[in-house]
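**Q** So here's upload06.txt, just compact mmCIF, C-alpha atoms and all ligand atoms:
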```txt
# COMPACT_ATOMS: atom_id res chain seq x y z
CA MET A 193 20.92 31.23 -24.48
CA THR A 194 17.69 33.09 -25.35
CA PRO A 195 18.33 36.82 -25.33
CA LEU A 196 15.25 37.71 -23.25
CA ASN A 197 16.73 41.02 -22.23
CA ASN A 198 18.09 41.91 -25.59
CA LEU A 199 17.60 45.64 -25.68
CA GLN A 200 18.81 47.45 -28.77
CA PHE A 201 20.62 50.24 -26.91
CA MET A 202 22.42 47.88 -24.53
CA PRO A 203 25.98 46.86 -25.50
CA PRO A 204 26.06 43.13 -26.43
CA ALA A 205 28.61 42.34 -23.66
CA LEU A 206 26.24 43.71 -21.03
CA ASN A 207 23.29 41.85 -22.49
CA LYS A 208 25.33 38.67 -22.41
CA LEU A 209 26.14 39.18 -18.72
CA ILE A 210 22.45 39.81 -17.91
CA GLU A 211 21.52 36.58 -19.65
CA SER A 212 24.27 34.73 -17.76
CA PHE A 213 22.93 35.93 -14.39
CA ARG A 214 19.47 34.81 -15.44
CA LEU A 215 20.69 31.23 -15.57
CA LEU A 216 20.98 31.26 -11.78
CA PRO A 217 17.96 30.06 -9.79
CA GLY A 218 15.64 32.76 -8.45
CA ILE A 219 17.09 35.49 -10.66
CA GLY A 220 14.52 37.31 -12.77
CA PRO A 221 15.22 39.90 -15.49
CA LYS A 222 15.16 42.87 -13.10
CA THR A 223 17.58 41.32 -10.61
CA ALA A 224 19.82 40.14 -13.47
CA ARG A 225 20.02 43.73 -14.79
CA LYS A 226 20.74 45.04 -11.30
CA LEU A 227 23.55 42.52 -10.82
CA ALA A 228 25.02 43.31 -14.23
CA PHE A 229 25.05 47.06 -13.55
CA SER A 230 26.60 46.44 -10.10
CA THR A 231 29.34 44.36 -11.73
CA LEU A 232 29.98 47.22 -14.12
CA LYS A 233 30.67 49.52 -11.15
CA MET A 234 33.17 47.11 -9.53
CA SER A 235 36.95 47.36 -9.91
CA THR A 236 38.63 45.09 -12.45
CA ASP A 237 40.32 43.17 -9.62
CA GLN A 238 37.00 42.44 -7.91
CA VAL A 239 35.42 41.22 -11.13
CA LYS A 240 38.49 39.09 -11.83
CA GLU A 241 38.20 37.52 -8.38
CA ILE A 242 34.53 36.67 -8.94
CA SER A 243 35.14 35.18 -12.36
CA GLU A 244 38.07 33.12 -11.04
CA SER A 245 35.98 31.82 -8.13
CA LEU A 246 33.28 30.81 -10.56
CA LEU A 247 35.77 28.93 -12.70
CA ASP A 248 37.45 27.35 -9.66
CA ILE A 249 34.32 25.57 -8.53
CA LYS A 250 34.20 23.86 -11.90
CA THR A 251 37.90 23.10 -12.22
CA GLN A 252 38.92 22.41 -8.62
CA LEU A 253 35.90 20.65 -7.21
CA ILE A 254 35.10 17.07 -8.06
CA PHE A 255 32.69 14.54 -6.65
CA CYS A 256 33.93 12.27 -3.89
CA GLU A 257 34.41 8.77 -5.30
CA SER A 258 32.69 7.22 -2.35
CA CYS A 259 29.82 9.46 -1.19
CA GLN A 260 29.41 11.63 -4.34
CA ASN A 261 29.59 14.81 -2.26
CA ILE A 262 31.58 17.76 -3.61
CA SER A 263 35.24 17.49 -2.73
CA GLU A 264 38.65 18.81 -3.61
CA ASN A 265 40.14 15.33 -3.48
CA LYS A 266 39.25 11.85 -4.64
CA ASN A 267 37.67 11.29 -1.23
CA CYS A 268 36.00 14.04 0.76
CA ASN A 269 36.89 15.05 4.32
CA ILE A 270 33.86 13.28 5.79
CA CYS A 271 34.73 10.00 4.09
CA MET A 272 38.36 10.32 5.21
CA ASP A 273 37.46 11.04 8.84
CA GLU A 274 38.31 7.91 10.80
CA ASN A 275 36.30 9.03 13.82
CA ARG A 276 33.03 8.76 11.94
CA ASP A 277 30.81 5.71 12.08
CA ASN A 278 31.34 3.55 8.99
CA SER A 279 28.34 1.36 9.67
CA ILE A 280 25.69 3.99 8.96
CA ILE A 281 25.06 5.98 5.79
CA CYS A 282 22.66 8.87 5.51
CA VAL A 283 21.28 9.25 1.98
CA VAL A 284 20.43 12.81 0.95
CA GLU A 285 19.27 14.45 -2.29
CA GLU A 286 21.73 17.36 -2.50
CA PHE A 287 25.06 18.33 -0.97
CA MET A 288 23.29 21.27 0.71
CA ASP A 289 21.48 18.64 2.79
CA VAL A 290 24.85 17.32 4.00
CA TYR A 291 25.68 20.84 5.12
CA VAL A 292 22.39 21.15 7.07
CA LEU A 293 22.79 17.76 8.75
CA GLU A 294 26.42 18.48 9.59
CA LYS A 295 25.45 21.82 11.12
CA SER A 296 23.07 20.03 13.48
CA GLY A 297 26.01 17.97 14.80
CA ALA A 298 23.57 15.12 15.39
CA PHE A 299 24.84 12.67 12.80
CA LYS A 300 28.22 10.97 13.11
CA GLY A 301 28.01 8.47 10.26
CA LYS A 302 28.83 8.85 6.56
CA PHE A 303 26.74 10.34 3.76
CA HIS A 304 25.64 9.53 0.25
CA VAL A 305 24.53 12.31 -2.08
CA LEU A 306 22.07 11.29 -4.80
CA HIS A 307 22.23 14.56 -6.79
CA GLY A 308 18.47 14.80 -7.08
CA SER A 309 15.36 12.73 -6.59
CA ILE A 310 13.26 10.58 -8.86
CA SER A 311 11.06 12.90 -10.89
CA PRO A 312 9.61 10.84 -13.74
CA ALA A 313 7.79 13.71 -15.49
CA ASN A 314 11.09 15.58 -15.76
CA GLY A 315 12.81 12.53 -17.21
CA ILE A 316 14.70 11.80 -13.99
CA GLY A 317 14.50 8.14 -13.10
CA PRO A 318 16.68 5.97 -10.83
CA ASP A 319 19.41 5.78 -13.50
CA GLU A 320 19.73 9.55 -13.68
CA ILE A 321 20.65 9.99 -10.00
CA ARG A 322 23.43 8.26 -8.05
CA ILE A 323 21.52 5.25 -6.74
CA LYS A 324 23.75 2.81 -8.61
CA GLU A 325 26.77 4.19 -6.69
CA LEU A 326 24.91 3.67 -3.41
CA ILE A 327 24.11 0.06 -4.28
CA ASN A 328 27.78 -0.59 -5.17
CA ARG A 329 28.87 0.94 -1.90
CA VAL A 330 26.48 -1.21 0.12
CA ASN A 331 27.57 -4.31 -1.79
CA ASN A 332 31.29 -3.65 -1.44
CA ILE A 333 31.56 -2.41 2.15
CA PRO A 334 30.61 -5.15 4.64
CA SER A 335 30.70 -2.79 7.62
CA ILE A 336 27.56 -0.94 6.45
CA LYS A 337 24.70 -1.94 8.73
CA GLU A 338 22.18 0.88 8.35
CA ILE A 339 20.96 3.22 5.62
CA VAL A 340 19.10 6.31 6.81
CA ILE A 341 17.07 7.70 3.93
CA ALA A 342 16.86 11.47 4.32
CA THR A 343 15.29 12.44 1.00
CA ASN A 344 12.75 15.26 1.02
CA LEU A 345 9.25 14.56 2.31
CA ASN A 346 7.46 15.32 -0.94
CA LEU A 347 6.20 12.80 -3.49
CA GLU A 348 9.49 12.72 -5.43
CA GLY A 349 11.48 12.25 -2.22
CA GLU A 350 9.12 9.52 -1.02
CA ALA A 351 9.27 7.72 -4.37
CA THR A 352 13.08 7.87 -4.21
CA ALA A 353 13.06 6.48 -0.66
CA MET A 354 10.69 3.66 -1.63
CA TYR A 355 12.77 2.78 -4.68
CA ILE A 356 16.03 2.67 -2.66
CA ASN A 357 14.31 0.52 -0.05
CA GLN A 358 13.04 -1.80 -2.78
CA VAL A 359 16.45 -2.34 -4.39
CA LEU A 360 18.58 -2.40 -1.24
CA SER A 361 16.40 -4.75 0.79
CA THR A 362 17.01 -7.47 -1.80
CA LYS A 363 20.77 -6.83 -1.97
CA LYS A 364 21.90 -7.47 1.56
CA ASP A 365 20.54 -9.47 4.46
CA LYS A 366 20.19 -7.77 7.83
CA LEU A 367 20.66 -4.29 6.35
CA LYS A 368 18.58 -1.88 8.39
CA ILE A 369 16.87 0.73 6.23
CA THR A 370 15.38 3.68 8.09
CA ARG A 371 13.67 6.92 7.14
CA LEU A 372 13.96 10.26 8.97
CA ALA A 373 11.04 10.75 11.35
CA ARG A 374 8.20 12.87 10.06
CA GLY A 375 6.29 15.20 12.29
CA LEU A 376 5.76 18.73 13.45
CA PRO A 377 8.67 21.15 13.12
CA SER A 378 9.90 22.98 16.23
CA GLY A 379 8.11 26.26 16.87
CA SER A 380 5.13 25.36 14.68
CA ASP A 381 1.44 25.67 15.48
CA ILE A 382 -0.67 22.51 15.25
CA GLU A 383 -3.48 24.69 13.86
CA TYR A 384 -1.57 25.22 10.62
CA ALA A 385 -0.21 21.72 10.13
CA ASP A 386 -1.40 19.68 7.16
CA GLU A 387 -3.17 16.32 7.57
CA THR A 388 -0.17 14.24 6.42
CA THR A 389 2.11 15.85 8.99
CA ILE A 390 -0.45 15.34 11.78
CA LEU A 391 -0.92 11.73 10.70
CA HIS A 392 2.82 11.03 10.83
CA ALA A 393 3.34 13.01 14.03
CA LEU A 394 0.65 10.94 15.76
CA GLY A 395 1.95 7.70 14.24
CA SER A 396 5.49 8.28 15.45
CA ARG A 397 4.64 9.87 18.82
CA VAL A 398 7.18 9.17 21.57
CA ASN A 399 7.14 8.82 25.31
CA ILE A 400 7.43 12.31 26.82
CA ASN A 401 10.66 11.35 28.61
CA GLU A 402 12.29 10.44 25.30
CA SER A 403 11.15 13.47 23.37
CA ILE A 404 14.22 15.66 23.88
CA MET B 60 2.08 25.74 3.62
CA GLY B 61 4.77 23.36 2.31
CA GLY B 62 3.10 20.18 3.48
CA HIS B 63 -0.16 21.15 1.81
CA ILE B 64 1.31 21.59 -1.64
CA ASP B 65 2.64 18.45 -3.18
CA VAL B 66 2.31 16.50 -6.38
CA MET B 67 -0.82 14.31 -6.41
CA SER B 68 -2.71 16.25 -3.77
CA LYS B 69 -6.15 17.73 -4.33
CA VAL B 70 -6.27 21.15 -2.68
CA ASN B 71 -8.32 24.29 -2.38
CA ALA B 72 -5.89 27.12 -2.99
CA TYR B 73 -6.62 30.78 -2.35
CA ILE B 74 -4.61 32.93 -4.72
CA SER B 75 -4.61 36.72 -4.87
CA LEU B 76 -3.93 37.56 -8.48
CA GLY B 77 -1.40 40.33 -8.92
CA GLU B 78 -0.29 42.23 -11.97
CA ASN B 79 3.17 40.65 -12.08
CA LEU B 80 3.19 38.10 -9.31
CA SER B 81 0.28 36.28 -7.72
CA ASN B 82 0.22 35.46 -4.05
CA LEU B 83 -0.77 32.10 -2.62
CA SER B 84 -2.42 33.01 0.65
CA GLN B 85 -4.06 29.82 1.90
CA VAL B 86 -4.14 26.14 1.03
CA GLU B 87 -6.55 23.51 2.28
CA ILE B 88 -6.16 19.81 1.51
CA ILE B 89 -9.22 18.09 0.02
CA ASP B 90 -7.52 14.74 -0.57
CA ASN B 91 -3.82 13.99 -0.47
CA TYR B 92 -4.24 10.38 -1.65
CA SER B 93 -2.18 9.13 1.25
CA LEU B 94 -3.14 5.50 0.58
CA LEU B 95 -1.97 5.73 -3.05
CA LYS B 96 1.33 7.19 -1.90
CA LYS B 97 2.22 4.08 0.06
CA ASP B 98 2.79 1.96 -3.04
CA LEU B 99 5.61 2.79 -5.46
CA SER B 100 3.96 1.14 -8.47
CA VAL B 101 0.78 3.15 -7.85
CA ILE B 102 2.82 6.33 -7.42
CA SER B 103 4.46 5.65 -10.79
CA ILE B 104 0.99 5.42 -12.38
CA GLY B 105 0.05 8.69 -10.67
CA PHE B 106 3.13 10.43 -12.10
CA TYR B 107 2.18 9.13 -15.57
CA LEU B 108 -1.46 10.29 -15.38
CA LEU B 109 -0.38 13.72 -14.13
CA GLU B 110 2.16 14.15 -16.92
CA LEU B 111 -0.46 13.25 -19.53
CA CYS B 112 -2.89 15.81 -18.07
CA GLU B 113 -0.15 18.42 -18.11
CA LYS B 114 0.61 17.66 -21.78
CA PHE B 115 -3.04 17.97 -22.76
CA SER B 116 -3.63 21.17 -20.77
CA VAL B 117 -2.98 24.70 -21.85
CA GLU B 118 -1.52 27.21 -19.42
CA ASN B 119 -4.02 29.79 -18.12
CA ASP B 120 -6.89 27.85 -19.66
CA PRO B 121 -8.56 25.78 -16.91
CA ASN B 122 -10.00 22.53 -18.21
CA ASN B 123 -12.60 21.19 -15.83
CA ASP B 124 -13.24 18.01 -17.81
CA ILE B 125 -9.59 16.95 -17.63
CA TYR B 126 -9.55 17.78 -13.90
CA GLU B 127 -12.69 15.69 -13.24
CA HIS B 128 -11.35 12.80 -15.33
CA LEU B 129 -8.03 12.81 -13.46
CA SER B 130 -9.76 13.12 -10.11
CA LEU B 131 -12.05 10.17 -10.87
CA THR B 132 -9.17 8.02 -12.12
CA LEU B 133 -7.07 8.72 -9.02
CA ASP B 134 -10.05 7.72 -6.90
CA LEU B 135 -10.36 4.48 -8.88
CA LEU B 136 -6.66 3.70 -8.83
CA LEU B 137 -6.54 2.00 -5.47
CA SER B 138 -9.66 -0.10 -5.89
CA SER B 139 -9.25 -1.21 -9.51
CA SER B 140 -8.05 -4.79 -9.86
CA ASN B 141 -6.51 -4.28 -13.29
CA LYS B 142 -4.53 -1.06 -13.26
CA ASN B 143 -3.31 -1.51 -16.83
CA ILE B 144 -6.89 -1.45 -18.15
CA LEU B 145 -7.55 1.63 -16.03
CA ILE B 146 -4.53 3.41 -17.54
CA ARG B 147 -5.70 2.61 -21.11
CA TRP B 148 -9.27 3.72 -20.24
CA PHE B 149 -7.83 6.94 -18.80
CA GLU B 150 -5.78 7.58 -21.95
CA ILE B 151 -8.57 7.02 -24.46
CA ASN B 152 -10.98 9.18 -22.45
CA LEU B 153 -8.40 11.92 -22.07
CA LEU B 154 -8.08 11.87 -25.87
CA ILE B 155 -11.87 12.09 -26.23
CA ILE B 156 -12.08 15.03 -23.80
CA SER B 157 -9.29 16.80 -25.67
CA GLY B 158 -10.93 16.26 -29.07
CA PHE B 159 -8.54 13.57 -30.32
CA LEU B 160 -10.77 10.49 -30.35
CA PRO B 161 -9.12 8.20 -32.91
CA GLU B 162 -11.28 6.99 -35.79
CA LEU B 163 -12.03 3.34 -35.07
CA TYR B 164 -14.88 2.49 -37.47
CA THR B 165 -14.08 4.06 -40.86
CA CYS B 166 -10.92 3.68 -42.94
CA LEU B 167 -9.08 6.98 -42.91
CA ILE B 168 -7.84 6.45 -46.47
CA SER B 169 -10.86 5.10 -48.35
CA GLY B 170 -13.57 6.57 -46.10
CA GLU B 171 -15.35 3.23 -46.12
CA LYS B 172 -16.70 1.36 -43.13
CA LEU B 173 -14.08 -1.08 -41.84
CA SER B 174 -14.89 -4.77 -42.03
CA GLU B 175 -14.50 -6.91 -38.93
CA GLY B 176 -10.90 -8.13 -38.74
CA ASP B 177 -7.34 -6.92 -38.39
CA HIS B 178 -6.51 -3.36 -39.45
CA LEU B 179 -3.74 -0.81 -39.21
CA PHE B 180 -3.46 2.04 -36.75
CA SER B 181 -2.03 5.25 -38.09
CA SER B 182 -0.92 7.68 -35.40
CA ILE B 183 -0.34 10.38 -38.02
CA ASN B 184 -3.85 10.07 -39.53
CA GLY B 185 -5.43 9.53 -36.10
CA GLY B 186 -7.11 6.17 -36.39
CA LEU B 187 -7.58 2.98 -38.35
CA VAL B 188 -6.68 2.31 -41.95
CA ASP B 189 -7.75 -0.76 -43.92
CA LYS B 190 -5.10 -3.48 -43.90
CA LYS B 191 -5.02 -3.50 -47.70
CA PHE B 192 -3.25 -0.09 -47.66
CA ALA B 193 -0.18 -1.50 -45.90
CA THR B 194 3.12 -0.65 -47.61
CA SER B 195 6.68 -1.61 -46.80
CA THR B 196 7.58 1.91 -45.70
CA ASP B 197 4.60 3.01 -43.60
CA ASN B 198 4.58 3.51 -39.83
CA TYR B 199 1.27 1.79 -39.29
CA ILE B 200 0.77 -0.54 -36.31
CA LEU B 201 -1.04 -3.76 -37.10
CA MET B 202 -4.00 -4.22 -34.76
CA ASP B 203 -5.69 -7.57 -34.45
CA LYS B 204 -9.47 -7.89 -34.28
CA ASN B 205 -9.58 -8.30 -30.49
CA SER B 206 -7.38 -5.28 -29.79
CA ILE B 207 -9.61 -3.12 -32.03
CA LYS B 208 -12.71 -4.40 -30.21
CA SER B 209 -11.11 -3.65 -26.83
CA LEU B 210 -10.17 -0.11 -27.85
CA ARG B 211 -13.70 0.53 -29.13
CA PHE B 212 -15.15 -0.78 -25.88
CA LEU B 213 -12.86 1.41 -23.75
CA SER B 214 -13.79 4.49 -25.78
CA ASN B 215 -17.55 3.88 -25.56
CA ASN B 216 -18.03 2.87 -21.95
CA SER B 217 -17.84 4.18 -18.43
CA TRP B 218 -15.45 2.61 -15.93
CA SER B 219 -18.27 0.73 -14.18
CA ASP B 220 -18.78 -1.26 -17.42
CA VAL B 221 -15.10 -1.46 -18.36
CA GLU B 222 -14.04 -2.90 -15.00
CA LYS B 223 -16.29 -5.92 -15.57
CA ILE B 224 -14.50 -7.05 -18.71
CA LYS B 225 -11.25 -8.93 -19.18
CA ILE B 226 -8.76 -7.88 -21.83
CA PRO B 227 -6.07 -10.45 -22.71
CA ASN B 228 -2.50 -9.36 -21.97
CA ASN B 229 -1.43 -9.37 -25.63
CA SER B 230 -4.29 -7.00 -26.53
CA LEU B 231 -3.47 -4.77 -23.57
CA GLU B 232 0.15 -4.60 -24.70
CA LYS B 233 -0.98 -3.71 -28.23
CA LEU B 234 -3.20 -0.94 -26.84
CA ARG B 235 -0.27 0.38 -24.81
CA ILE B 236 1.89 0.61 -27.95
CA VAL B 237 -0.90 2.20 -30.03
CA MET B 238 -1.74 4.77 -27.34
CA ARG B 239 1.92 5.65 -26.78
CA LYS B 240 2.51 6.24 -30.49
CA TYR B 241 -0.69 8.24 -30.90
CA ILE B 242 -0.12 10.41 -27.80
CA GLN B 243 3.46 11.06 -28.90
CA ALA B 244 2.23 12.14 -32.33
CA ILE B 245 -0.42 14.49 -30.87
CA THR B 246 1.75 16.08 -28.18
CA ASN B 247 4.85 15.97 -30.37
CA SER B 248 6.84 14.82 -27.36
CA GLN B 249 7.89 11.83 -25.32
CA ILE B 250 6.00 11.00 -22.15
CA ASN B 251 8.91 10.96 -19.71
CA SER B 252 7.26 9.15 -16.82
CA GLU B 253 6.49 6.12 -19.00
CA LYS B 254 10.01 4.80 -18.45
CA PHE B 255 9.66 4.84 -14.66
CA LEU B 256 6.17 3.36 -14.92
CA SER B 257 7.48 0.33 -16.82
CA LYS B 258 10.45 0.02 -14.48
CA VAL B 259 8.52 -0.29 -11.22
CA SER B 260 5.13 -1.70 -12.19
ZN ZN C 1 32.83 11.39 0.53
```
Take the structure in the file and give it back as structure tokens.
**A**
Amino acid sequence: MTPLNNLQFMPPALNKLIESFRLLPGIGPKTARKLAFSTLKMSTDQVKEISESLLDIKTQLIFCESCQNISENKNCNICMDENRDNSIICVVEEFMDVYVLEKSGAFKGKFHVLHGSISPANGIGPDEIRIKELINRVNNIPSIKEIVIATNLNLEGEATAMYINQVLSTKKDKLKITRLARGLPSGSDIEYADETTILHALGSRVNINESI
Amino acid sequence: MGGHIDVMSKVNAYISLGENLSNLSQVEIIDNYSLLKKDLSVISIGFYLLELCEKFSVENDPNNDIYEHLSLTLDLLLSSSNKNILIRWFEINLLIISGFLPELYTCLISGEKLSEGDHLFSSINGGLVDKKFATSTDNYILMDKNSIKSLRFLSNNSWSDVEKIKIPNNSLEKLRIVMRKYIQAITNSQINSEKFLSKVS
């Protein structure tokens, strides 16, 4: 850890905590200091609870054997739910995406979490994310009929979607591979939309009676 | 603004420079290369070109020549019939722009003009070395006569001339190896996107 905040007058334990907070995304030096000083003001019990919670997510949570989502058991609750559609799998980049899709209540199938997207310049290729596990799943479970690729709509997400399509379409006959529709978000102004969004929104326009 | 800002998109960005943080106030797309983004093998080339530009650029020091070279190459990417030649042409010209043109005519050890024939490429010295200086422990890459000729041609000519020529596959492969070694030596790093490029193209 680089001691970016290493101030001479600051006790080493406090400096260490500031540096630890800085490891979290979106936390700059000022916020890290603020968090460290707030921790200092907390009761020992509160701090103990926080540190135990932090440890728990590393010791008690594992990845679901099937969908790779975070889980407390070998198989997560979604995979174990017999009321969900086994024939359709929605592929997402991160487990936060599962949360968002679940919140919408619109999807009743199963998920597959890739744990990232293909980002060649950062050294992340297909082998570094959980595409292999998806291929195994598709190969081993005959009931799977459709893969919905819900990776992000940026270049990395698109490259990931194209790669999955490329490898899966050769693996199984009659496997339907779909991509989430791309278009204008609700509540947005057409005036501010970018050309790609407009292009896709026009390309995938629907009959007004079906647009709800 | 999300849709406007993406990798491999040419944009006009309006940024208000602040003391600590700068504020991106407006973005306008000039070209988002939507046709390039429909083909995974072309995307992989795009990732590679962008990473090279990033490696040869210095933060807070805008380099217009690199930008123009990248912009031109992206424009050529869809129409060029031999994308591997285009990649090698891009690399050698990026090296020229950045002041790293390898020495291709004079032996870097003896200082004498190289005779026509096979020679050795030294990524550490930055160019060719006469074959007679080969030792059992060196890291030189043996370059045949045709590969040397091809590399000289790529370094001396514009794309309109380069696209008319044919380079045999074995020479192109040799140029790929030479360029990779030389770029690694200059940047002192691996080019990450190379792995994905070879996987999908
Ligand atoms: Zn699961």
**Q** Could you name the residues that touch Thr231 of chain A at 10 Å or less, counting all atoms listed in the file, but leaving out those on the same chain fewer than 6 positions away, as a PyMOL selection string?
**A** chain A and resi 206+209+225+238-239+242
**Q** May I ask you to write as a list in words all residues lying at most 8 Å from ligand ZN 1 (chain C), with only C-alpha atoms and all ligand atoms counted?
**A** Phe255, Cys256, Glu257, Ser258, Cys259, Gln260, Asn261, Ile262, Ser263, Asn267, Cys268, Asn269, Ile270, Cys271, Met272, Lys302, Phe303 and His304 of chain A
**Q** Between atom CA of Phe255 of chain B and atom CA of Val305 of chain A, what is the spacing in Å?
**A**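 Between atom CA of Val305 of chain A and atom CA of Phe255 of chain B the gap works out to 20.9 Å.
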**Q** Using all atoms listed in the file, I'd like every residue of chain A that has an atom within 12 Å of chain B; please write them out as a ChimeraX atom specification.
**A** /A:220,310-320,344-359,374-377,380-381,383-392
**Q** Generate a file of the selected residues that holds C-alpha atoms, formatted as an mmCIF file, keeping the file's coordinate frame.
**A**
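Result file is part-v2.cif:
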```
data_model
loop_
_atom_site.group_PDB
_atom_site.id
_atom_site.type_symbol
_atom_site.label_atom_id
_atom_site.label_comp_id
_atom_site.auth_asym_id
_atom_site.auth_seq_id
_atom_site.Cartn_x
_atom_site.Cartn_y
_atom_site.Cartn_z
ATOM 1 C CA GLY A 220 14.520 37.310 -12.770
ATOM 2 C CA ILE A 310 13.260 10.580 -8.860
ATOM 3 C CA SER A 311 11.060 12.900 -10.890
ATOM 4 C CA PRO A 312 9.610 10.840 -13.740
ATOM 5 C CA ALA A 313 7.790 13.710 -15.490
ATOM 6 C CA ASN A 314 11.090 15.580 -15.760
ATOM 7 C CA GLY A 315 12.810 12.530 -17.210
ATOM 8 C CA ILE A 316 14.700 11.800 -13.990
ATOM 9 C CA GLY A 317 14.500 8.140 -13.100
ATOM 10 C CA PRO A 318 16.680 5.970 -10.830
ATOM 11 C CA ASP A 319 19.410 5.780 -13.500
ATOM 12 C CA GLU A 320 19.730 9.550 -13.680
ATOM 13 C CA ASN A 344 12.750 15.260 1.020
ATOM 14 C CA LEU A 345 9.250 14.560 2.310
ATOM 15 C CA ASN A 346 7.460 15.320 -0.940
ATOM 16 C CA LEU A 347 6.200 12.800 -3.490
ATOM 17 C CA GLU A 348 9.490 12.720 -5.430
ATOM 18 C CA GLY A 349 11.480 12.250 -2.220
ATOM 19 C CA GLU A 350 9.120 9.520 -1.020
ATOM 20 C CA ALA A 351 9.270 7.720 -4.370
ATOM 21 C CA THR A 352 13.080 7.870 -4.210
ATOM 22 C CA ALA A 353 13.060 6.480 -0.660
ATOM 23 C CA MET A 354 10.690 3.660 -1.630
ATOM 24 C CA TYR A 355 12.770 2.780 -4.680
ATOM 25 C CA ILE A 356 16.030 2.670 -2.660
ATOM 26 C CA ASN A 357 14.310 0.520 -0.050
ATOM 27 C CA GLN A 358 13.040 -1.800 -2.780
ATOM 28 C CA VAL A 359 16.450 -2.340 -4.390
ATOM 29 C CA ARG A 374 8.200 12.870 10.060
ATOM 30 C CA GLY A 375 6.290 15.200 12.290
ATOM 31 C CA LEU A 376 5.760 18.730 13.450
ATOM 32 C CA PRO A 377 8.670 21.150 13.120
ATOM 33 C CA SER A 380 5.130 25.360 14.680
ATOM 34 C CA ASP A 381 1.440 25.670 15.480
ATOM 35 C CA GLU A 383 -3.480 24.690 13.860
ATOM 36 C CA TYR A 384 -1.570 25.220 10.620
ATOM 37 C CA ALA A 385 -0.210 21.720 10.130
ATOM 38 C CA ASP A 386 -1.400 19.680 7.160
ATOM 39 C CA GLU A 387 -3.170 16.320 7.570
ATOM 40 C CA THR A 388 -0.170 14.240 6.420
ATOM 41 C CA THR A 389 2.110 15.850 8.990
ATOM 42 C CA ILE A 390 -0.450 15.340 11.780
ATOM 43 C CA LEU A 391 -0.920 11.730 10.700
ATOM 44 C CA HIS A 392 2.820 11.030 10.830
#
```
**Q** Could you check how far atom CA of Ser396 of chain A sits from atom CA of Lys366 of chain A, in Å to one decimal?
**A**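 Interatomic distance here is 23.1 Å.
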**Q** Interatomic distance between atom CA of Asn216 of chain B and atom CA of Arg147 of chain B?
**A**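 A separation of 12.4 Å between them.
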**Q** Taking N, CA and C atoms as the atom set, what does segment 276-287 of chain A look like once completed, written as a PDB file, in the coordinates of the input?
**A**
```pdb
ATOM      1  N   ARG A 276      34.463   8.864  12.267  1.00  0.00           N
ATOM      2  CA  ARG A 276      33.030   8.760  11.940  1.00  0.00           C
ATOM      3  C   ARG A 276      32.635   7.288  11.800  1.00  0.00           C
ATOM      4  N   ASP A 277      31.344   7.069  12.083  1.00  0.00           N
ATOM      5  CA  ASP A 277      30.810   5.710  12.080  1.00  0.00           C
ATOM      6  C   ASP A 277      30.649   5.196  10.648  1.00  0.00           C
ATOM      7  N   ASN A 278      31.375   4.132  10.340  1.00  0.00           N
ATOM      8  CA  ASN A 278      31.340   3.550   8.990  1.00  0.00           C
ATOM      9  C   ASN A 278      30.131   2.658   8.742  1.00  0.00           C
ATOM     10  N   SER A 279      29.416   2.347   9.819  1.00  0.00           N
ATOM     11  CA  SER A 279      28.340   1.360   9.670  1.00  0.00           C
ATOM     12  C   SER A 279      27.013   2.004   9.256  1.00  0.00           C
ATOM     13  N   ILE A 280      26.963   3.324   9.267  1.00  0.00           N
ATOM     14  CA  ILE A 280      25.690   3.990   8.960  1.00  0.00           C
ATOM     15  C   ILE A 280      25.866   5.075   7.882  1.00  0.00           C
ATOM     16  N   ILE A 281      24.986   5.013   6.897  1.00  0.00           N
ATOM     17  CA  ILE A 281      25.060   5.980   5.790  1.00  0.00           C
ATOM     18  C   ILE A 281      23.748   6.736   5.693  1.00  0.00           C
ATOM     19  N   CYS A 282      23.855   8.040   5.664  1.00  0.00           N
ATOM     20  CA  CYS A 282      22.660   8.870   5.510  1.00  0.00           C
ATOM     21  C   CYS A 282      22.556   9.302   4.045  1.00  0.00           C
ATOM     22  N   VAL A 283      21.457   8.956   3.406  1.00  0.00           N
ATOM     23  CA  VAL A 283      21.280   9.250   1.980  1.00  0.00           C
ATOM     24  C   VAL A 283      20.490  10.550   1.815  1.00  0.00           C
ATOM     25  N   VAL A 284      21.102  11.521   1.148  1.00  0.00           N
ATOM     26  CA  VAL A 284      20.430  12.810   0.950  1.00  0.00           C
ATOM     27  C   VAL A 284      20.329  13.139  -0.544  1.00  0.00           C
ATOM     28  N   GLU A 285      19.453  14.089  -0.877  1.00  0.00           N
ATOM     29  CA  GLU A 285      19.270  14.450  -2.290  1.00  0.00           C
ATOM     30  C   GLU A 285      20.414  15.331  -2.797  1.00  0.00           C
ATOM     31  N   GLU A 286      20.747  16.377  -2.030  1.00  0.00           N
ATOM     32  CA  GLU A 286      21.730  17.360  -2.500  1.00  0.00           C
ATOM     33  C   GLU A 286      22.822  17.581  -1.472  1.00  0.00           C
ATOM     34  N   PHE A 287      23.964  18.116  -1.916  1.00  0.00           N
ATOM     35  CA  PHE A 287      25.060  18.330  -0.970  1.00  0.00           C
ATOM     36  C   PHE A 287      24.722  19.416   0.056  1.00  0.00           C
TER      37      PHE A 287
END
```
